[in-house]
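What's in work33.csv: CSV, C-alpha atoms
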chain,number,residue,atom,x,y,z
A,158,MET,CA,-95.4,120.0,-181.3
A,159,VAL,CA,-98.7,118.3,-180.5
A,160,PRO,CA,-98.4,114.4,-180.5
A,161,GLY,CA,-100.5,112.7,-183.1
A,162,PRO,CA,-103.1,109.9,-182.6
A,163,ALA,CA,-100.5,107.1,-183.0
A,164,ALA,CA,-98.3,108.6,-180.2
A,165,PHE,CA,-101.3,109.0,-177.9
A,166,CYS,CA,-102.5,105.5,-178.7
A,167,GLY,CA,-99.1,104.2,-177.7
A,168,ARG,CA,-99.2,105.9,-174.4
A,169,VAL,CA,-102.7,104.6,-173.7
A,170,CYS,CA,-101.6,101.0,-174.5
A,171,LYS,CA,-98.7,101.3,-172.1
A,172,PHE,CA,-101.0,102.7,-169.5
A,173,ASN,CA,-103.5,99.8,-170.0
A,174,ARG,CA,-100.7,97.2,-169.7
A,175,ARG,CA,-99.6,98.8,-166.4
A,176,TRP,CA,-103.1,98.2,-165.1
A,177,ALA,CA,-103.4,94.7,-166.4
A,178,PHE,CA,-104.6,93.4,-163.1
A,179,LEU,CA,-107.8,95.5,-163.6
A,180,LYS,CA,-110.5,94.3,-165.9
A,181,PRO,CA,-111.2,96.1,-169.1
A,182,ALA,CA,-102.7,134.9,-145.2
A,183,SER,CA,-105.1,134.4,-147.9
A,184,ARG,CA,-108.7,133.2,-147.4
A,185,ALA,CA,-110.8,130.5,-148.9
A,186,LYS,CA,-113.4,131.9,-151.3
A,187,VAL,CA,-116.7,130.3,-150.3
A,188,ALA,CA,-120.2,131.5,-150.9
A,189,ASN,CA,-121.1,131.3,-147.2
A,190,PRO,CA,-118.8,131.1,-144.1
A,191,ALA,CA,-117.9,127.5,-143.4
A,192,PRO,CA,-119.8,126.1,-140.4
A,193,GLN,CA,-118.4,125.0,-137.1
A,194,PRO,CA,-118.2,121.3,-136.0
A,195,ALA,CA,-120.9,120.2,-133.6
A,196,THR,CA,-122.2,117.1,-131.9
A,197,ARG,CA,-122.2,114.1,-134.1
A,198,ILE,CA,-125.4,113.0,-135.8
A,199,PRO,CA,-126.3,109.4,-136.6
A,200,THR,CA,-124.9,108.2,-139.9
A,201,MET,CA,-126.4,105.9,-142.5
A,202,SER,CA,-124.9,102.8,-140.9
A,203,ASN,CA,-126.3,103.6,-137.4
A,204,GLU,CA,-129.8,104.8,-137.8
A,205,LYS,CA,-132.2,105.1,-140.8
A,206,LEU,CA,-133.4,108.6,-140.8
A,207,ASP,CA,-135.2,110.6,-143.5
A,208,GLU,CA,-132.6,112.2,-145.7
A,209,ALA,CA,-134.2,115.6,-145.6
A,210,ALA,CA,-134.6,115.5,-141.8
A,211,ARG,CA,-130.9,114.6,-141.4
A,212,LEU,CA,-129.8,117.5,-143.5
A,213,LYS,CA,-132.2,119.9,-141.8
A,214,ALA,CA,-130.9,118.8,-138.4
A,215,ALA,CA,-127.3,119.2,-139.4
A,216,TYR,CA,-128.0,122.6,-140.9
A,217,GLU,CA,-129.7,123.8,-137.8
A,218,ARG,CA,-126.7,122.8,-135.7
A,219,ASN,CA,-124.4,124.6,-138.2
A,220,GLU,CA,-122.4,121.5,-138.9
A,221,PHE,CA,-120.1,120.8,-141.8
A,222,LEU,CA,-122.2,119.2,-144.5
A,223,ASN,CA,-119.4,118.2,-146.9
A,224,LEU,CA,-115.7,117.9,-146.9
A,225,HIS,CA,-115.2,121.1,-148.9
A,226,GLU,CA,-116.5,123.0,-145.9
A,227,VAL,CA,-113.9,121.3,-143.6
A,228,VAL,CA,-111.1,122.3,-145.9
A,229,ALA,CA,-112.4,125.9,-146.3
A,230,LYS,CA,-112.7,126.4,-142.6
A,231,ALA,CA,-109.2,125.0,-142.0
A,232,ARG,CA,-107.9,127.6,-144.6
A,233,GLN,CA,-109.7,130.4,-142.8
A,234,ASN,CA,-108.1,129.4,-139.5
A,235,LEU,CA,-104.5,129.0,-140.6
A,236,ASN,CA,-101.7,131.4,-141.5
A,237,GLN,CA,-99.8,130.9,-144.8
A,238,ASN,CA,-96.9,129.0,-143.2
A,239,ALA,CA,-99.1,126.5,-141.5
A,240,TRP,CA,-101.3,126.2,-144.6
A,241,ASP,CA,-98.3,125.5,-146.8
A,242,TYR,CA,-97.1,122.8,-144.4
A,243,ILE,CA,-100.3,120.9,-145.1
A,244,VAL,CA,-100.8,121.5,-148.9
A,245,GLY,CA,-97.2,121.7,-150.1
A,246,GLY,CA,-94.9,119.1,-151.6
A,247,VAL,CA,-91.3,118.9,-152.7
A,248,GLU,CA,-89.7,120.9,-155.5
A,249,THR,CA,-92.0,120.7,-158.6
A,250,GLU,CA,-94.7,118.9,-156.5
A,251,THR,CA,-95.0,116.3,-159.3
A,252,THR,CA,-95.3,113.4,-156.8
A,253,LEU,CA,-98.0,115.2,-154.9
A,254,ARG,CA,-100.1,115.6,-158.1
A,255,ARG,CA,-99.4,112.0,-159.2
A,256,ASN,CA,-100.9,110.7,-156.0
A,257,ARG,CA,-104.2,112.3,-157.0
A,258,MET,CA,-103.9,111.4,-160.7
A,259,ALA,CA,-103.3,107.8,-159.8
A,260,LEU,CA,-106.6,107.7,-157.9
A,261,ASP,CA,-108.5,109.7,-160.6
A,262,THR,CA,-107.5,107.3,-163.3
A,263,VAL,CA,-109.3,104.4,-161.7
A,264,ALA,CA,-113.0,104.1,-162.5
A,265,PHE,CA,-115.7,101.9,-161.0
A,266,ARG,CA,-117.5,99.0,-162.7
A,267,PRO,CA,-120.7,98.9,-160.6
A,268,ARG,CA,-122.9,95.8,-160.3
A,269,VAL,CA,-126.7,96.2,-159.9
A,270,LEU,CA,-129.8,94.5,-158.6
A,271,ARG,CA,-128.0,93.4,-155.5
A,272,ASP,CA,-129.5,93.9,-152.0
A,273,VAL,CA,-127.4,96.7,-150.6
A,274,SER,CA,-129.9,97.8,-147.9
A,275,LYS,CA,-127.2,97.0,-145.2
A,276,VAL,CA,-123.7,98.1,-145.9
A,277,ASP,CA,-120.9,97.4,-143.4
A,278,ALA,CA,-118.0,99.9,-143.6
A,279,SER,CA,-116.2,98.5,-140.6
A,280,THR,CA,-113.2,96.2,-140.5
A,281,GLU,CA,-111.0,94.3,-138.0
A,282,LEU,CA,-107.3,94.6,-137.4
A,283,LEU,CA,-105.2,92.8,-134.7
A,284,GLY,CA,-108.4,91.7,-133.1
A,285,ARG,CA,-110.0,95.1,-132.9
A,286,LYS,CA,-113.0,96.4,-134.8
A,287,LEU,CA,-112.5,99.6,-136.6
A,288,ARG,CA,-115.5,101.7,-137.8
A,289,LEU,CA,-113.6,102.5,-141.0
A,290,PRO,CA,-110.4,100.9,-142.5
A,291,ILE,CA,-108.5,104.2,-141.7
A,292,VAL,CA,-105.4,105.2,-139.8
A,293,LEU,CA,-104.7,108.8,-139.1
A,294,CYS,CA,-101.1,109.0,-140.4
A,295,PRO,CA,-98.1,110.3,-138.5
A,296,VAL,CA,-97.9,114.1,-139.0
A,297,GLY,CA,-95.1,116.1,-137.3
A,298,THR,CA,-95.7,119.4,-135.6
A,299,LEU,CA,-99.5,119.1,-135.3
A,300,GLU,CA,-99.2,121.9,-132.7
A,301,SER,CA,-99.0,124.2,-135.8
A,302,PHE,CA,-102.8,123.5,-136.3
A,303,HIS,CA,-103.9,123.1,-132.7
A,304,PRO,CA,-102.2,124.1,-129.4
A,305,GLU,CA,-102.6,120.5,-128.0
A,306,GLY,CA,-100.9,118.9,-130.9
A,307,ALA,CA,-101.7,115.2,-131.4
A,308,ALA,CA,-103.9,114.9,-128.3
A,309,PRO,CA,-107.2,115.9,-129.9
A,310,VAL,CA,-106.3,113.8,-132.9
A,311,VAL,CA,-105.9,110.6,-130.9
A,312,LYS,CA,-108.9,111.4,-128.9
A,313,ALA,CA,-110.9,111.8,-132.1
A,314,ALA,CA,-109.6,108.5,-133.4
A,315,GLY,CA,-110.7,106.8,-130.2
A,316,GLU,CA,-114.1,108.5,-130.1
A,317,PHE,CA,-114.9,107.6,-133.7
A,318,GLY,CA,-113.2,104.1,-133.7
A,319,ILE,CA,-110.3,104.1,-136.0
A,320,ALA,CA,-106.5,103.8,-135.7
A,321,HIS,CA,-104.0,106.5,-135.0
A,322,MET,CA,-100.3,106.6,-135.7
A,323,LEU,CA,-98.3,109.1,-133.7
A,324,SER,CA,-95.2,110.8,-135.2
A,325,SER,CA,-92.1,110.9,-133.0
A,326,VAL,CA,-91.7,114.6,-133.8
A,327,CYS,CA,-95.1,115.7,-132.5
A,328,ASP,CA,-96.2,116.9,-129.1
A,329,PRO,CA,-97.3,115.8,-126.5
A,330,GLY,CA,-95.0,112.8,-127.3
A,331,LEU,CA,-95.2,109.1,-126.8
A,332,GLU,CA,-96.3,109.0,-123.2
A,333,GLY,CA,-98.5,112.1,-123.5
A,334,VAL,CA,-100.6,110.7,-126.3
A,335,ALA,CA,-101.0,107.4,-124.5
A,336,GLN,CA,-102.3,109.3,-121.5
A,337,ALA,CA,-104.7,111.4,-123.7
A,338,ALA,CA,-106.4,108.3,-125.1
A,339,PRO,CA,-105.4,105.1,-123.3
A,340,ASP,CA,-108.1,103.0,-125.0
A,341,ALA,CA,-107.6,104.2,-128.5
A,342,PHE,CA,-106.0,101.9,-131.2
A,343,ARG,CA,-102.5,103.6,-131.1
A,344,MET,CA,-99.4,103.1,-133.3
A,345,PHE,CA,-96.1,104.8,-132.9
A,346,GLN,CA,-93.9,106.0,-135.8
A,347,LEU,CA,-90.2,106.8,-135.4
A,348,TYR,CA,-87.7,109.0,-137.3
A,349,VAL,CA,-84.3,107.5,-136.4
A,350,ARG,CA,-82.3,110.3,-134.7
A,351,GLY,CA,-80.0,108.3,-132.5
A,352,ASP,CA,-78.0,105.1,-132.1
A,353,ALA,CA,-79.3,101.5,-131.6
A,354,ALA,CA,-79.8,102.1,-127.9
A,355,TRP,CA,-81.9,105.2,-128.6
A,356,VAL,CA,-84.1,103.3,-131.1
A,357,ASP,CA,-84.5,100.4,-128.7
A,358,ASP,CA,-85.5,102.8,-125.9
A,359,HIS,CA,-88.4,104.1,-128.1
A,360,VAL,CA,-89.5,100.6,-128.9
A,361,ALA,CA,-89.6,99.6,-125.3
A,362,ARG,CA,-91.5,102.8,-124.3
A,363,ALA,CA,-94.0,102.2,-127.1
A,364,ILE,CA,-94.6,98.7,-125.7
A,365,ALA,CA,-94.8,99.9,-122.1
A,366,ASN,CA,-97.4,102.5,-123.2
A,367,LYS,CA,-99.5,99.9,-125.0
A,368,TYR,CA,-99.0,101.0,-128.6
A,369,SER,CA,-100.2,98.2,-130.9
A,370,VAL,CA,-97.7,98.7,-133.7
A,371,PHE,CA,-94.2,100.2,-134.0
A,372,CYS,CA,-93.3,101.9,-137.3
A,373,LEU,CA,-90.1,103.0,-138.9
A,374,THR,CA,-90.2,105.7,-141.6
A,375,VAL,CA,-87.6,104.9,-144.3
A,376,ASP,CA,-88.2,107.4,-147.0
A,377,THR,CA,-86.5,110.4,-145.3
A,378,ALA,CA,-82.8,109.5,-145.6
A,379,HIS,CA,-82.3,113.1,-146.8
A,380,TYR,CA,-84.6,116.0,-146.0
A,381,SER,CA,-86.3,117.3,-149.1
A,382,ARG,CA,-86.5,120.8,-150.5
A,383,ARG,CA,-89.9,122.2,-149.6
A,384,GLU,CA,-89.9,125.1,-152.0
A,385,ARG,CA,-92.9,126.9,-150.7
A,386,ASP,CA,-91.1,127.4,-147.4
A,387,ILE,CA,-87.8,128.3,-149.2
A,388,ALA,CA,-89.5,130.9,-151.2
A,389,LYS,CA,-90.8,132.6,-148.0
A,390,ARG,CA,-87.5,132.1,-146.2
A,391,HIS,CA,-89.5,130.1,-143.6
A,392,ILE,CA,-87.9,127.4,-141.5
A,393,THR,CA,-90.5,125.1,-139.8
A,394,GLY,CA,-90.2,124.4,-136.1
A,395,GLY,CA,-89.6,120.7,-136.8
A,396,ARG,CA,-86.7,121.4,-139.1
A,397,ARG,CA,-85.2,123.8,-136.6
A,398,ARG,CA,-85.4,121.2,-133.8
A,399,ALA,CA,-84.2,118.3,-135.9
A,400,SER,CA,-80.9,116.8,-134.9
A,401,GLY,CA,-79.1,113.5,-135.5
A,402,ARG,CA,-80.1,113.2,-139.1
A,403,GLU,CA,-77.0,111.2,-139.9
A,404,TYR,CA,-78.6,108.3,-138.1
A,405,GLN,CA,-81.6,108.4,-140.5
A,406,GLU,CA,-79.2,108.6,-143.4
A,407,ALA,CA,-77.4,105.4,-142.2
A,408,LEU,CA,-80.5,103.4,-141.5
A,409,ASP,CA,-80.6,100.0,-143.1
A,410,TRP,CA,-82.1,96.5,-142.8
A,411,LYS,CA,-80.0,95.7,-139.8
A,412,THR,CA,-82.1,97.9,-137.6
A,413,VAL,CA,-85.2,96.0,-138.8
A,414,GLU,CA,-83.5,92.7,-137.9
A,415,ARG,CA,-82.6,93.9,-134.5
A,416,ILE,CA,-86.1,95.2,-133.6
A,417,LYS,CA,-87.7,91.9,-134.8
A,418,SER,CA,-85.3,89.8,-132.8
A,419,LYS,CA,-85.5,91.8,-129.6
A,420,PHE,CA,-89.1,92.9,-129.3
A,421,LYS,CA,-92.5,91.4,-129.5
A,422,ILE,CA,-94.5,94.1,-131.2
A,423,PRO,CA,-95.9,94.2,-134.8
A,424,LEU,CA,-93.5,96.2,-137.0
A,425,ALA,CA,-94.5,98.5,-139.8
A,426,ILE,CA,-92.1,99.9,-142.5
A,427,LYS,CA,-93.4,103.2,-143.9
A,428,GLY,CA,-92.2,104.5,-147.3
A,429,ILE,CA,-92.3,101.3,-149.5
A,430,ALA,CA,-92.6,102.2,-153.2
A,431,THR,CA,-91.6,99.0,-155.0
A,432,ALA,CA,-92.4,95.3,-155.0
A,433,GLU,CA,-88.7,94.6,-154.4
A,434,ASP,CA,-88.7,96.4,-151.1
A,435,ALA,CA,-92.0,94.9,-150.1
A,436,LYS,CA,-90.4,91.4,-150.6
A,437,LEU,CA,-87.5,92.5,-148.5
A,438,CYS,CA,-89.9,93.5,-145.8
A,439,LEU,CA,-91.3,90.0,-145.8
A,440,ASP,CA,-87.8,88.5,-145.7
A,441,HIS,CA,-87.2,90.5,-142.5
A,442,GLY,CA,-90.5,89.5,-140.8
A,443,VAL,CA,-92.2,92.9,-141.2
A,444,ASP,CA,-95.9,92.8,-140.2
A,445,PHE,CA,-97.2,96.0,-142.0
A,446,VAL,CA,-95.9,97.1,-145.4
A,447,PHE,CA,-96.8,100.8,-145.6
A,448,VAL,CA,-97.0,102.1,-149.2
A,449,SER,CA,-96.2,105.8,-149.0
A,450,ASN,CA,-94.2,108.6,-150.7
A,451,HIS,CA,-94.7,111.0,-147.7
A,452,GLY,CA,-97.6,112.7,-149.4
A,453,GLY,CA,-95.4,113.9,-152.2
A,454,ARG,CA,-93.1,115.7,-149.7
A,455,GLN,CA,-89.8,113.7,-150.1
A,456,LEU,CA,-88.7,112.3,-153.5
A,457,ASP,CA,-90.0,114.4,-156.4
A,458,HIS,CA,-91.1,112.7,-159.6
A,459,GLY,CA,-92.2,109.6,-157.8
A,460,ARG,CA,-95.2,107.4,-158.7
A,461,GLY,CA,-98.6,107.9,-157.2
A,462,THR,CA,-99.1,105.4,-154.4
A,463,THR,CA,-102.2,104.0,-156.0
A,464,ASP,CA,-100.0,103.1,-159.0
A,465,VAL,CA,-97.6,101.4,-156.6
A,466,LEU,CA,-100.3,99.6,-154.5
A,467,PRO,CA,-101.1,96.7,-156.9
A,468,GLU,CA,-97.5,95.5,-157.3
A,469,VAL,CA,-97.0,95.6,-153.5
A,470,VAL,CA,-100.2,93.7,-152.8
A,471,GLU,CA,-99.2,91.1,-155.3
A,472,ALA,CA,-95.7,90.8,-153.8
A,473,VAL,CA,-97.0,90.6,-150.2
A,474,ALA,CA,-99.6,88.0,-151.2
A,475,GLY,CA,-101.4,88.1,-147.8
A,476,ARG,CA,-98.2,87.5,-145.7
A,477,ALA,CA,-98.4,91.0,-144.2
A,478,LYS,CA,-100.9,93.7,-143.9
A,479,VAL,CA,-100.7,96.6,-146.4
A,480,ILE,CA,-101.3,100.2,-145.5
A,481,VAL,CA,-101.4,102.9,-148.2
A,482,ASP,CA,-101.5,106.7,-148.0
A,483,GLY,CA,-101.1,109.6,-150.5
A,484,GLY,CA,-103.9,111.7,-151.9
A,485,PHE,CA,-106.8,109.9,-150.2
A,486,TYR,CA,-109.5,112.5,-149.5
A,487,ARG,CA,-112.9,111.0,-150.4
A,488,GLY,CA,-114.9,107.9,-149.5
A,489,SER,CA,-114.6,106.7,-153.1
A,490,ASP,CA,-110.8,106.7,-152.7
A,491,ILE,CA,-111.1,104.4,-149.6
A,492,VAL,CA,-113.3,102.0,-151.6
A,493,LYS,CA,-110.8,101.9,-154.5
A,494,ALA,CA,-107.9,101.1,-152.2
A,495,LYS,CA,-109.8,98.4,-150.5
A,496,ALA,CA,-110.8,96.9,-153.9
A,497,MET,CA,-107.1,96.8,-154.8
A,498,GLY,CA,-106.2,94.9,-151.6
A,499,ALA,CA,-105.1,97.5,-149.0
A,500,ASP,CA,-105.9,96.7,-145.4
A,501,LEU,CA,-105.7,100.2,-144.1
A,502,ILE,CA,-105.8,103.6,-145.7
A,503,GLY,CA,-103.9,106.5,-144.2
A,504,LEU,CA,-105.2,110.0,-143.9
A,505,GLY,CA,-102.6,112.8,-143.5
A,506,ARG,CA,-103.8,116.1,-144.9
A,507,MET,CA,-107.5,115.3,-144.2
A,508,GLN,CA,-106.7,114.9,-140.5
A,509,CYS,CA,-104.9,118.3,-140.6
A,510,TYR,CA,-107.9,119.9,-142.2
A,511,GLY,CA,-110.2,118.5,-139.6
A,512,LEU,CA,-107.9,119.5,-136.7
A,513,ALA,CA,-107.5,123.0,-138.0
A,514,ALA,CA,-111.2,123.4,-138.7
A,515,GLY,CA,-112.4,122.3,-135.3
A,516,GLY,CA,-110.1,120.3,-133.2
A,517,GLN,CA,-111.3,116.9,-132.0
A,518,ALA,CA,-114.9,117.6,-133.1
A,519,GLY,CA,-113.6,118.7,-136.5
A,520,ILE,CA,-111.8,115.4,-137.1
A,521,VAL,CA,-114.8,113.4,-135.9
A,522,ARG,CA,-117.1,115.3,-138.3
A,523,MET,CA,-114.7,114.8,-141.1
A,524,LEU,CA,-114.7,111.0,-140.5
A,525,GLU,CA,-118.5,110.9,-140.3
A,526,LEU,CA,-118.6,112.6,-143.8
A,527,LEU,CA,-116.1,110.1,-145.1
A,528,GLU,CA,-118.0,107.2,-143.7
A,529,ASP,CA,-121.2,108.4,-145.4
A,530,GLU,CA,-119.3,108.6,-148.7
A,531,VAL,CA,-117.8,105.2,-148.2
A,532,ILE,CA,-121.2,103.6,-147.5
A,533,ARG,CA,-122.8,105.3,-150.5
A,534,SER,CA,-120.0,104.3,-152.8
A,535,MET,CA,-120.1,100.7,-151.7
A,536,GLY,CA,-123.9,100.5,-152.0
A,537,LEU,CA,-123.9,102.0,-155.5
A,538,LEU,CA,-121.0,99.7,-156.5
A,539,GLY,CA,-123.1,96.7,-155.4
A,540,ALA,CA,-121.0,95.7,-152.4
A,541,THR,CA,-122.2,95.2,-148.8
A,542,SER,CA,-118.8,94.7,-147.3
A,543,TYR,CA,-115.1,94.9,-148.2
A,544,ALA,CA,-115.1,91.2,-148.8
A,545,LYS,CA,-117.4,91.8,-151.7
A,546,LEU,CA,-115.0,94.2,-153.3
A,547,ASP,CA,-112.3,93.1,-155.8
A,548,SER,CA,-110.4,94.4,-158.8
A,549,SER,CA,-113.2,93.3,-161.2
A,550,MET,CA,-115.1,96.4,-160.0
A,551,LEU,CA,-112.3,98.7,-161.2
A,552,HIS,CA,-111.2,99.9,-164.6
A,553,VAL,CA,-108.6,102.2,-166.0
A,554,ALA,CA,-110.0,105.5,-167.2
A,555,ALA,CA,-108.8,109.0,-168.1
A,556,ALA,CA,-108.7,111.5,-165.3
A,557,ALA,CA,-111.5,114.0,-165.4
A,558,ASN,CA,-109.8,116.7,-163.3
A,559,VAL,CA,-106.4,118.3,-163.5
A,560,PRO,CA,-104.6,116.6,-160.6
A,561,GLY,CA,-103.6,118.6,-157.5
A,562,VAL,CA,-103.9,118.9,-153.8
A,563,PHE,CA,-107.4,120.4,-154.1
A,564,SER,CA,-108.7,118.4,-157.2
A,565,ALA,CA,-110.8,116.2,-155.0
A,566,PHE,CA,-112.8,119.3,-154.0
A,567,PRO,CA,-114.1,120.8,-157.3
A,568,HIS,CA,-116.4,123.2,-155.5
A,569,LEU,CA,-113.6,124.7,-153.4
A,570,GLU,CA,-111.8,127.8,-154.5
A,571,ILE,CA,-108.6,128.8,-152.6
A,572,ALA,CA,-107.1,132.2,-153.4
A,573,PRO,CA,-103.5,131.6,-154.7
A,574,TYR,CA,-100.6,132.9,-152.7
A,575,ARG,CA,-97.9,134.9,-154.5
A,576,TYR,CA,-94.5,133.5,-153.4

Would you mind writing the file's structure down as structure tokens?
Amino acid sequence: MVPGPAAFCGRVCKFNRRWAFLKPASRAKVANPAPQPATRIPTMSNEKLDEAARLKAAYERNEFLNLHEVVAKARQNLNQNAWDYIVGGVETETTLRRNRMALDTVAFRPRVLRDVSKVDASTELLGRKLRLPIVLCPVGTLESFHPEGAAPVVKAAGEFGIAHMLSSVCDPGLEGVAQAAPDAFRMFQLYVRGDAAWVDDHVARAIANKYSVFCLTVDTAHYSRRERDIAKRHITGGRRRASGREYQEALDWKTVERIKSKFKIPLAIKGIATAEDAKLCLDHGVDFVFVSNHGGRQLDHGRGTTDVLPEVVEAVAGRAKVIVDGGFYRGSDIVKAKAMGADLIGLGRMQCYGLAAGGQAGIVRMLELLEDEVIRSMGLLGATSYAKLDSSMLHVAAAANVPGVFSAFPHLEIAPYRY
């Protein structure tokens, strides 16, 4: 039975109240083969070049000209198992789709007749300037997309000038990544697979190797059902190697207390999905509250992280930094999160696409395209810096696209795989 106008109106009213803080081996089908990454070209913020000349130069160098091409090239380079590891979610993949839906139901309220000839897309964190407010999120088993694993990723982060967070289940490991990019803004994320001494050893090693932040992931108490893999009878390398899961299941706030009392390194908690847990983070001295649902890969039927973000920002009230990830693929997504109060935005799938498409150069090119989108979005919104953004520039709206892992790329067509 199709709901009538009254039922629809009721849902819309509830939706508006929720946003009260806002003011009213298959291949990608592309027309032409996706180009290869090449040497960087100046972006809008660095050098004022004629638009036609910039596009012509990029075309002649066979560079990626939009993010669709990055994703398409990644698909062409990956087998089905590796591809599903990037694009898949848990069970019905509802949480994955809600991540995108939450972003798509936020519209802009642009202001005009403001001088936006100079737009600054950079930010500062822990005394370091970042070219974009982005951290490349911890992703396990990056060696599925590149033989050197996380090494080209951290090198790309250092080259471009953003933060990188290493997963504890990714080669070449804590020390190897530090050696690959000693000057990069590096963070380390841990899945707890051992006792207190095991955890403390990792914290000490992170400090010794000059990581700027130590992070505990807390939304993986039980490993989820990744049904794309189950349908193919495929067991990922990370799952085959995993041991000591009982320690992750038993993880509680006592570990947070111990780390804060014994070590002097900023601590992040990744996997926060409620204001209540954000407040508990503050009670325990946490420095970074990381809003995340693991990219829709852990708890099914969760909320989109952009839905969660406002209540966490309000609960934190500036007493800690807020990071958010989950469905952020475009420059406009970054701008929305900043307007809502996030300090850093995490990129998981996008870094995998860039890595699979072209290694270190592919990630750098992906970030250049994102930067271009961020600057244009801010300029058209009437903001010259993130300090000029706030929730008055946002408004609730109906989503225009059916949400999904590719809905941010409407010109991309990926051939479906029959499981």

Give one line per residue of segment 358-459 of chain A that approaches segment 333-348 of chain A to at most 12 Å, naming the two atoms of the closest pair and their distance in Å to one decimal, counting only C-alpha atoms; sort by chain then ascending residue number and deliver it as CSV.
residue,atom,partner,partner_atom,distance
A:Asp358,CA,A:Leu347,CA,11.3
A:His359,CA,A:Leu347,CA,8.0
A:Val360,CA,A:Phe345,CA,8.8
A:Ala361,CA,A:Phe345,CA,11.3
A:Arg362,CA,A:Phe345,CA,10.0
A:Ala363,CA,A:Phe345,CA,6.7
A:Ile364,CA,A:Phe345,CA,9.6
A:Ala365,CA,A:Ala335,CA,10.0
A:Asn366,CA,A:Ala335,CA,6.2
A:Lys367,CA,A:Ala335,CA,7.7
A:Tyr368,CA,A:Arg343,CA,5.0
A:Ser369,CA,A:Met344,CA,5.5
A:Val370,CA,A:Met344,CA,4.7
A:Phe371,CA,A:Phe345,CA,5.1
A:Cys372,CA,A:Gln346,CA,4.4
A:Leu373,CA,A:Leu347,CA,5.2
A:Thr374,CA,A:Tyr348,CA,6.0
A:Val375,CA,A:Tyr348,CA,8.1
A:Asp376,CA,A:Tyr348,CA,9.8
A:Thr377,CA,A:Tyr348,CA,8.2
A:Ala378,CA,A:Tyr348,CA,9.7
A:His379,CA,A:Tyr348,CA,11.7
A:Tyr380,CA,A:Tyr348,CA,11.6
A:Gly395,CA,A:Tyr348,CA,11.9
A:Ala399,CA,A:Tyr348,CA,10.0
A:Ser400,CA,A:Tyr348,CA,10.6
A:Gly401,CA,A:Tyr348,CA,9.9
A:Arg402,CA,A:Tyr348,CA,8.9
A:Glu403,CA,A:Tyr348,CA,11.2
A:Tyr404,CA,A:Tyr348,CA,9.2
A:Gln405,CA,A:Tyr348,CA,6.9
A:Glu406,CA,A:Tyr348,CA,10.5
A:Ala407,CA,A:Tyr348,CA,12.0
A:Leu408,CA,A:Tyr348,CA,10.0
A:Ile422,CA,A:Met344,CA,10.5
A:Pro423,CA,A:Met344,CA,9.7
A:Leu424,CA,A:Met344,CA,9.8
A:Ala425,CA,A:Gln346,CA,8.5
A:Ile426,CA,A:Gln346,CA,9.2
A:Lys427,CA,A:Gln346,CA,8.6
A:Gly428,CA,A:Gln346,CA,11.7
A:Phe445,CA,A:Met344,CA,11.4
A:Phe447,CA,A:Gln346,CA,11.5

Self-check item: Straight-line distance linking atom CA of Lys230 of chain A with atom CA of Arg454 of chain A, stated in Å to one decimal
Solution: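 Taking atom CA of Lys230 of chain A and atom CA of Arg454 of chain A, their separation equals 23.4 Å.
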
Self-check item: Distance of atom CA of Leu260 of chain A from atom CA of Asn234 of chain A, expressed in Å to one decimal place
Solution: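 So the answer is 28.5 Å.
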
Quiz item: Can you list, as number ranges by chain, every protein, DNA or RNA residue that comes within 8 Å of His568 of chain A when you count all atoms listed in the file, leaving out same-chain residues fewer than 2 positions away?
Solution: A: 225, 566, 570

Quiz item: Mind pulling up the distance from atom CA of Glu414 of chain A to atom CA of Leu282 of chain A?
Solution: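 Pair atom CA of Leu282 of chain A / atom CA of Glu414 of chain A returns 23.9 Å.
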
Quiz item: When distances are computed from only C-alpha atoms, which of A:Gly536, A:Gly459, A:Gly452, A:Gly318 shows the smallest separation from Val296 of chain A?
Solution: A:Gly452

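When all atoms listed in the file are used to measure the gap to Thr249 of chain A, the shortest distance among A:Arg390, A:Arg396, A:Lys421, A:Arg382 belongs to A:Arg382.
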
Practice problem: Pick out the closest residue to Arg506 of chain A from this set: A:Arg271, A:Arg487, A:Lys411, A:Arg397. Count all atoms listed in the file. | Solution: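 Of A:Arg271, A:Arg487, A:Lys411, A:Arg397, the one nearest Arg506 of chain A is A:Arg487, counting all atoms listed in the file.
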